[in-house]
$ cat structure13.cif   # mmCIF, C-alpha atoms and all ligand atoms
data_entry
loop_
_atom_site.label_atom_id
_atom_site.label_comp_id
_atom_site.auth_asym_id
_atom_site.auth_seq_id
_atom_site.Cartn_x
_atom_site.Cartn_y
_atom_site.Cartn_z
CA MET A 1 0.00 0.00 0.00
CA ARG A 2 0.99 3.62 -0.46
CA ILE A 3 0.39 5.35 2.89
CA ILE A 4 0.57 9.09 3.66
CA VAL A 5 1.55 9.66 7.30
CA VAL A 6 0.95 13.20 8.59
CA GLY A 7 2.97 13.78 11.76
CA ALA A 8 5.54 11.22 10.61
CA THR A 9 8.32 12.98 12.52
CA GLY A 10 6.55 12.82 15.91
CA LEU A 11 6.71 10.38 18.80
CA ILE A 12 3.69 8.36 17.64
CA GLY A 13 4.19 9.07 13.91
CA SER A 14 7.75 7.68 13.90
CA ALA A 15 6.54 4.47 15.56
CA ILE A 16 3.78 4.16 12.93
CA VAL A 17 6.33 4.59 10.13
CA GLU A 18 8.50 1.92 11.73
CA ALA A 19 5.56 -0.48 12.16
CA LEU A 20 4.36 -0.16 8.55
CA GLY A 21 7.53 0.76 6.67
CA ASP A 22 8.84 -2.73 5.97
CA ARG A 23 5.86 -3.76 3.84
CA HIS A 24 4.30 -0.51 2.55
CA GLU A 25 5.44 2.63 0.73
CA ILE A 26 5.32 5.45 3.28
CA VAL A 27 4.96 9.11 2.30
CA ARG A 28 6.20 11.04 5.35
CA VAL A 29 4.68 14.46 6.04
CA GLY A 30 6.01 16.80 8.73
CA HIS A 31 5.24 20.34 9.77
CA ARG A 32 8.55 22.21 10.01
CA GLY A 33 10.67 20.31 7.51
CA GLY A 34 11.18 17.31 5.27
CA PRO A 35 10.23 16.52 1.69
CA HIS A 36 6.52 17.09 2.40
CA THR A 37 5.04 19.51 4.93
CA VAL A 38 1.59 20.64 6.01
CA ASP A 39 0.00 22.96 8.53
CA LEU A 40 -3.15 21.25 9.79
CA ALA A 41 -4.53 24.61 10.92
CA ASP A 42 -4.55 25.89 7.33
CA ALA A 43 -6.97 24.25 4.86
CA GLY A 44 -5.03 25.73 1.92
CA SER A 45 -1.87 24.03 3.14
CA ILE A 46 -3.73 20.67 3.34
CA ALA A 47 -4.98 21.06 -0.25
CA ARG A 48 -1.45 21.98 -1.42
CA MET A 49 -0.05 18.92 0.37
CA PHE A 50 -2.39 16.47 -1.36
CA ALA A 51 -2.07 17.93 -4.88
CA PRO A 52 1.44 16.66 -5.78
CA LEU A 53 1.25 13.42 -3.77
CA GLY A 54 -1.10 11.53 -6.08
CA ARG A 55 -3.22 8.53 -5.08
CA ALA A 56 -2.77 6.85 -1.70
CA ASP A 57 -4.31 3.71 -0.24
CA ALA A 58 -4.31 5.14 3.26
CA VAL A 59 -3.94 8.47 5.03
CA ILE A 60 -2.89 8.46 8.69
CA CYS A 61 -2.80 11.55 10.87
CA ALA A 62 -0.69 11.42 14.05
CA ALA A 63 -0.60 15.18 14.57
CA GLY A 64 -2.78 17.88 16.05
CA ALA A 65 -2.41 20.42 18.80
CA ALA A 66 -4.86 21.50 21.50
CA ARG A 67 -4.22 23.57 24.60
CA PHE A 68 -4.14 22.17 28.12
CA GLY A 69 -5.03 24.47 31.05
CA PRO A 70 -7.51 25.20 33.85
CA LEU A 71 -11.03 25.76 32.50
CA ALA A 72 -11.28 29.19 34.13
CA ALA A 73 -8.02 30.28 32.49
CA LEU A 74 -8.66 28.97 28.96
CA SER A 75 -9.24 31.89 26.58
CA ASP A 76 -11.22 31.97 23.34
CA ASP A 77 -7.89 31.72 21.53
CA ASP A 78 -6.92 28.65 23.56
CA PHE A 79 -10.14 26.89 22.52
CA ARG A 80 -9.79 28.17 18.94
CA LEU A 81 -6.32 26.66 18.65
CA GLY A 82 -7.51 23.11 19.34
CA LEU A 83 -10.64 23.50 17.22
CA ALA A 84 -8.68 24.85 14.22
CA ASN A 85 -5.66 22.58 14.52
CA LYS A 86 -6.39 19.13 15.97
CA LEU A 87 -10.15 19.02 15.27
CA MET A 88 -10.79 20.83 11.97
CA GLY A 89 -7.26 20.04 10.75
CA GLN A 90 -8.07 16.32 10.80
CA VAL A 91 -11.64 16.84 9.57
CA ASN A 92 -10.25 18.85 6.64
CA LEU A 93 -7.68 16.16 5.95
CA VAL A 94 -10.64 13.87 5.23
CA ARG A 95 -12.75 16.45 3.36
CA LEU A 96 -9.88 17.61 1.16
CA GLY A 97 -8.15 14.24 0.88
CA VAL A 98 -11.02 11.93 -0.03
CA GLU A 99 -10.45 12.28 -3.79
CA SER A 100 -6.78 11.32 -3.27
CA VAL A 101 -7.68 8.02 -1.58
CA ALA A 102 -8.08 4.89 -3.68
CA ASP A 103 -11.26 2.77 -3.71
CA GLY A 104 -11.39 0.69 -0.52
CA GLY A 105 -8.70 2.86 1.09
CA SER A 106 -8.76 4.34 4.56
CA PHE A 107 -8.27 7.31 6.86
CA THR A 108 -6.97 6.89 10.40
CA LEU A 109 -7.14 9.94 12.68
CA THR A 110 -5.91 10.52 16.23
CA SER A 111 -7.93 11.55 19.30
CA GLY A 112 -6.74 10.59 22.80
CA VAL A 113 -7.66 9.08 26.13
CA LEU A 114 -8.80 12.47 27.51
CA ALA A 115 -12.02 12.06 25.48
CA GLN A 116 -13.08 9.19 27.75
CA ARG A 117 -11.01 9.85 30.87
CA PRO A 118 -10.76 13.61 31.40
CA MET A 119 -8.66 15.27 34.07
CA ALA A 120 -8.47 18.76 35.51
CA GLY A 121 -7.05 20.99 32.78
CA SER A 122 -8.24 18.86 29.85
CA ALA A 123 -11.53 20.63 28.96
CA SER A 124 -10.31 21.90 25.58
CA VAL A 125 -8.38 18.73 24.71
CA SER A 126 -11.28 16.47 25.80
CA LEU A 127 -13.71 18.53 23.70
CA VAL A 128 -11.55 18.17 20.60
CA ASN A 129 -10.87 14.44 21.11
CA ALA A 130 -14.54 13.63 21.68
CA GLY A 131 -15.47 15.72 18.62
CA LEU A 132 -13.09 13.71 16.46
CA GLU A 133 -14.60 10.44 17.66
CA GLY A 134 -18.13 11.65 16.84
CA PHE A 135 -16.96 12.83 13.42
CA VAL A 136 -15.40 9.47 12.58
CA ARG A 137 -18.47 7.45 13.61
CA ALA A 138 -20.65 9.63 11.37
CA ALA A 139 -18.26 10.08 8.42
CA ALA A 140 -17.89 6.28 8.16
CA LEU A 141 -21.56 6.14 7.12
CA GLU A 142 -21.02 8.47 4.17
CA LEU A 143 -17.53 8.04 2.74
CA PRO A 144 -17.72 6.90 -0.91
CA ARG A 145 -16.10 4.02 -2.81
CA GLY A 146 -15.68 1.74 0.22
CA ILE A 147 -13.29 4.15 1.92
CA ARG A 148 -13.00 3.38 5.65
CA ILE A 149 -12.27 5.71 8.55
CA ASN A 150 -11.20 5.04 12.15
CA VAL A 151 -9.71 7.06 14.97
CA VAL A 152 -7.01 5.85 17.34
CA SER A 153 -7.35 7.06 20.93
CA PRO A 154 -3.89 6.66 22.44
CA GLY A 155 -3.31 6.58 26.19
CA TRP A 156 -0.51 8.69 27.61
CA ILE A 157 2.88 7.88 26.11
CA THR A 158 5.47 7.23 28.85
CA ASP A 159 7.95 9.79 27.44
CA THR A 160 5.21 12.44 27.26
CA LEU A 161 4.28 11.87 30.93
CA LYS A 162 7.96 12.24 31.87
CA ALA A 163 8.32 15.41 29.77
CA LEU A 164 5.29 16.91 31.56
CA GLY A 165 6.67 15.99 34.99
CA MET A 166 3.84 13.48 35.55
CA ASP A 167 4.04 9.95 36.96
CA PRO A 168 5.16 7.75 34.03
CA ALA A 169 3.59 4.62 35.57
CA GLY A 170 0.67 3.55 33.40
CA GLY A 171 2.16 5.14 30.29
CA VAL A 172 2.33 3.19 27.04
CA SER A 173 5.09 2.94 24.46
CA PRO A 174 4.71 4.44 20.98
CA SER A 175 5.25 0.97 19.47
CA VAL A 176 2.18 -0.40 21.31
CA VAL A 177 0.10 2.59 20.15
CA ALA A 178 1.34 2.10 16.57
CA ARG A 179 -0.29 -1.35 16.47
CA ALA A 180 -3.74 0.27 16.52
CA TYR A 181 -2.89 2.28 13.37
CA VAL A 182 -1.65 -0.90 11.69
CA ARG A 183 -4.96 -2.59 12.61
CA SER A 184 -6.92 0.31 11.14
CA VAL A 185 -4.95 0.41 7.88
CA GLU A 186 -4.58 -3.32 7.25
CA GLY A 187 -7.92 -4.48 8.71
CA SER A 188 -11.50 -3.99 7.60
CA GLU A 189 -13.05 -1.99 10.45
CA THR A 190 -14.69 1.38 9.92
CA GLY A 191 -16.26 4.00 12.18
CA GLN A 192 -14.33 2.65 15.15
CA VAL A 193 -12.50 4.27 18.03
CA LEU A 194 -9.43 2.07 18.55
CA SER A 195 -7.91 2.27 22.03
CA PRO A 196 -4.48 0.66 22.18
N1 LIG B 1 1.99 11.71 23.32
C1 LIG B 1 0.89 11.34 24.01
O1 LIG B 1 0.96 10.95 25.20
C2 LIG B 1 -0.45 11.36 23.34
C3 LIG B 1 -1.54 10.76 23.98
C4 LIG B 1 -2.80 10.81 23.37
C5 LIG B 1 -2.96 11.44 22.14
N2 LIG B 1 -1.87 12.01 21.54
C6 LIG B 1 -2.08 12.68 20.26
O2 LIG B 1 -1.29 12.06 19.27
C7 LIG B 1 -0.89 13.02 18.29
C8 LIG B 1 0.62 12.96 18.12
O3 LIG B 1 1.23 13.13 19.40
P1 LIG B 1 2.82 13.00 19.59
O4 LIG B 1 3.06 12.92 21.06
O5 LIG B 1 3.39 11.96 18.68
O6 LIG B 1 3.28 14.46 19.11
P2 LIG B 1 4.72 14.98 18.72
O7 LIG B 1 5.81 14.03 19.09
O8 LIG B 1 4.81 16.38 19.27
O9 LIG B 1 4.66 15.06 17.12
C9 LIG B 1 3.77 15.92 16.51
C10 LIG B 1 3.82 15.70 14.99
O10 LIG B 1 2.89 16.61 14.42
C11 LIG B 1 3.56 17.49 13.52
N3 LIG B 1 2.92 18.80 13.63
C12 LIG B 1 3.08 19.75 14.58
N4 LIG B 1 2.31 20.82 14.31
C13 LIG B 1 1.65 20.54 13.15
C14 LIG B 1 0.74 21.26 12.32
N5 LIG B 1 0.32 22.50 12.63
N6 LIG B 1 0.32 20.66 11.19
C15 LIG B 1 0.72 19.41 10.84
N7 LIG B 1 1.58 18.69 11.57
C16 LIG B 1 2.04 19.26 12.71
C17 LIG B 1 5.01 17.50 13.96
O11 LIG B 1 5.84 17.87 12.85
P3 LIG B 1 7.28 18.59 13.07
O12 LIG B 1 8.16 17.57 13.75
O13 LIG B 1 7.75 18.92 11.69
O14 LIG B 1 6.99 19.77 13.94
C18 LIG B 1 5.19 16.04 14.38
O15 LIG B 1 5.39 15.23 13.24
C19 LIG B 1 -1.42 14.38 18.80
O16 LIG B 1 -2.66 14.63 18.20
C20 LIG B 1 -1.63 14.13 20.28
O17 LIG B 1 -2.64 14.95 20.84
C21 LIG B 1 -0.63 11.98 22.11
#
$ encode --input "structure13.cif" --output "structure tokens"
Amino acid sequence: MRIIVVGATGLIGSAIVEALGDRHEIVRVGHRGGPHTVDLADAGSIARMFAPLGRADAVICAAGAARFGPLAALSDDDFRLGLANKLMGQVNLVRLGVESVADGGSFTLTSGVLAQRPMAGSASVSLVNAGLEGFVRAAALELPRGIRINVVSPGWITDTLKALGMDPAGGVSPSVVARAYVRSVEGSETGQVLSP
């Protein structure tokens, strides 16, 4: 398969590339550098990314920012960032990318455990993650030509917990999370929230 991976340079994206790279052609897309770049927050940038890439059998997104912070301190701009970047960025990846995906191909997006298990400070992130899961369940009913769509909801990655000064116990490794993306791309499920 020919697979476009947005966020290929990230913690989770690199593990996805490693998990799929030995048997598929991977088109790596980053944000700041590399042969292909995109800004999820900019629909024009998403359209410009797809144009030269040609047909793909699968599009994976392991990118998307949303702001963490106490509910009382989150500003309109803080909410706007997550809505424009992680939520609408991935929604637009589907809307603008569907014609680039082959018959029977797939999209795999990324939400996160804070949709189901919120914590203090996660209001904006939980909103965005839950929105993505609702979008995927509904979009699966309408995508044409047998195209599938799933969303992976990773738990906390151990290295991320450490970087945030949180207890790393209970964290998962990127390679375990990557297995859910492999299942989405190589399997036959659609409209599912996959929790590694
Ligand atoms: N890490 C966790 O514990 C965890 C848990 C649950 C869910 N998630 C979700 O999983 C996704 C990936 O997380 P991660 O920890 O792997 O992140 P990461 O290591 O920070 O990597 C982020 C990736 O996204 C790219 N990126 C950054 N800004 C972008 C933009 N505006 N447009 C397009 N791409 C952009 C980066 O490209 P450059 O390298 O070029 O900047 C990089 O490839 C995120 O949606 C995150 O919310 C993560």
$ residues_near_point --input "structure13.cif" --point "(-5.0, 21.4, 2.0)" --cutoff "10 Å" --atoms "all atoms listed in the file" --output "list of chain:residue names"
A:Val38, A:Asp39, A:Leu40, A:Ala41, A:Asp42, A:Ala43, A:Gly44, A:Ser45, A:Ile46, A:Ala47, A:Arg48, A:Met49, A:Phe50, A:Ala51, A:Gly89, A:Asn92, A:Leu93, A:Val94, A:Arg95, A:Leu96, A:Gly97
$ residues_near_ligand --input "structure13.cif" --ligand "ligand LIG 1 (chain B)" --cutoff "6 Å" --atoms "all atoms listed in the file" --output "ChimeraX atom specification"
/A:7-13,30-33,38-41,62-65,110-113,154-157,160
$ atom_distance --input "structure13.cif" --atom1 "atom CA of A:Val172" --atom2 "atom CA of A:Ala19"
15.7 Å
$ atom_distance --input "structure13.cif" --atom1 "atom CA of A:Glu25" --atom2 "atom CA of A:Asp57"
9.9 Å
$ closest_residue --input "structure13.cif" --among "A:Ile26, A:Ile147, A:Leu132, A:Ala138" --to "A:Ser100" --atoms "all atoms listed in the file"
A:Ile147
$ residues_around --input "structure13.cif" --residues "A:Ala15" --least-positions-apart "3" --cutoff "6 Å" --atoms "all atoms listed in the file" --output "short mmCIF file (atom, residue, chain, number, x, y, z; two decimals) with C-alpha atoms, in the frame of the given file"
data_model
loop_
_atom_site.label_atom_id
_atom_site.label_comp_id
_atom_site.auth_asym_id
_atom_site.auth_seq_id
_atom_site.Cartn_x
_atom_site.Cartn_y
_atom_site.Cartn_z
CA ILE A 12 3.69 8.36 17.64
CA GLU A 18 8.50 1.92 11.73
CA PRO A 174 4.71 4.44 20.98
CA SER A 175 5.25 0.97 19.47
CA ALA A 178 1.34 2.10 16.57
#
$ atom_distance --input "structure13.cif" --atom1 "atom CA of A:Gly105" --atom2 "atom CA of A:Asn129"
23.2 Å
$ residues_around --input "structure13.cif" --residues "A:Ala102" --least-positions-apart "6" --cutoff "10 Å" --atoms "only C-alpha atoms" --output "list in words"
Arg2, Gly54, Arg55, Ala56, Asp57, Ala58, Arg145, Gly146 and Ile147 of chain A
$ residues_around --input "structure13.cif" --residues "A:Leu53" --least-positions-apart "6" --cutoff "9 Å" --atoms "only C-alpha atoms" --output "ChimeraX atom specification"
/A:4,27,36,100
$ closest_residue --input "structure13.cif" --among "A:Ser14, A:Asn85, A:Ser188, A:Ser195" --to "A:Arg148" --atoms "all atoms listed in the file"
A:Ser188
$ residues_around --input "structure13.cif" --residues "stretch 121-125 of chain A" --least-positions-apart "3" --cutoff "12 Å" --atoms "all atoms listed in the file" --output "ChimeraX atom specification"
/A:64-87,111-118,128-132
$ closest_residue --input "structure13.cif" --among "A:Leu143, A:Val182, A:Val177, A:Ile60" --to "A:Leu109" --atoms "all atoms listed in the file"
A:Ile60
$ closest_residue --input "structure13.cif" --among "A:Ala163, A:Val5, A:Val98, A:Val151" --to "A:Pro196" --atoms "all atoms listed in the file"
A:Val151
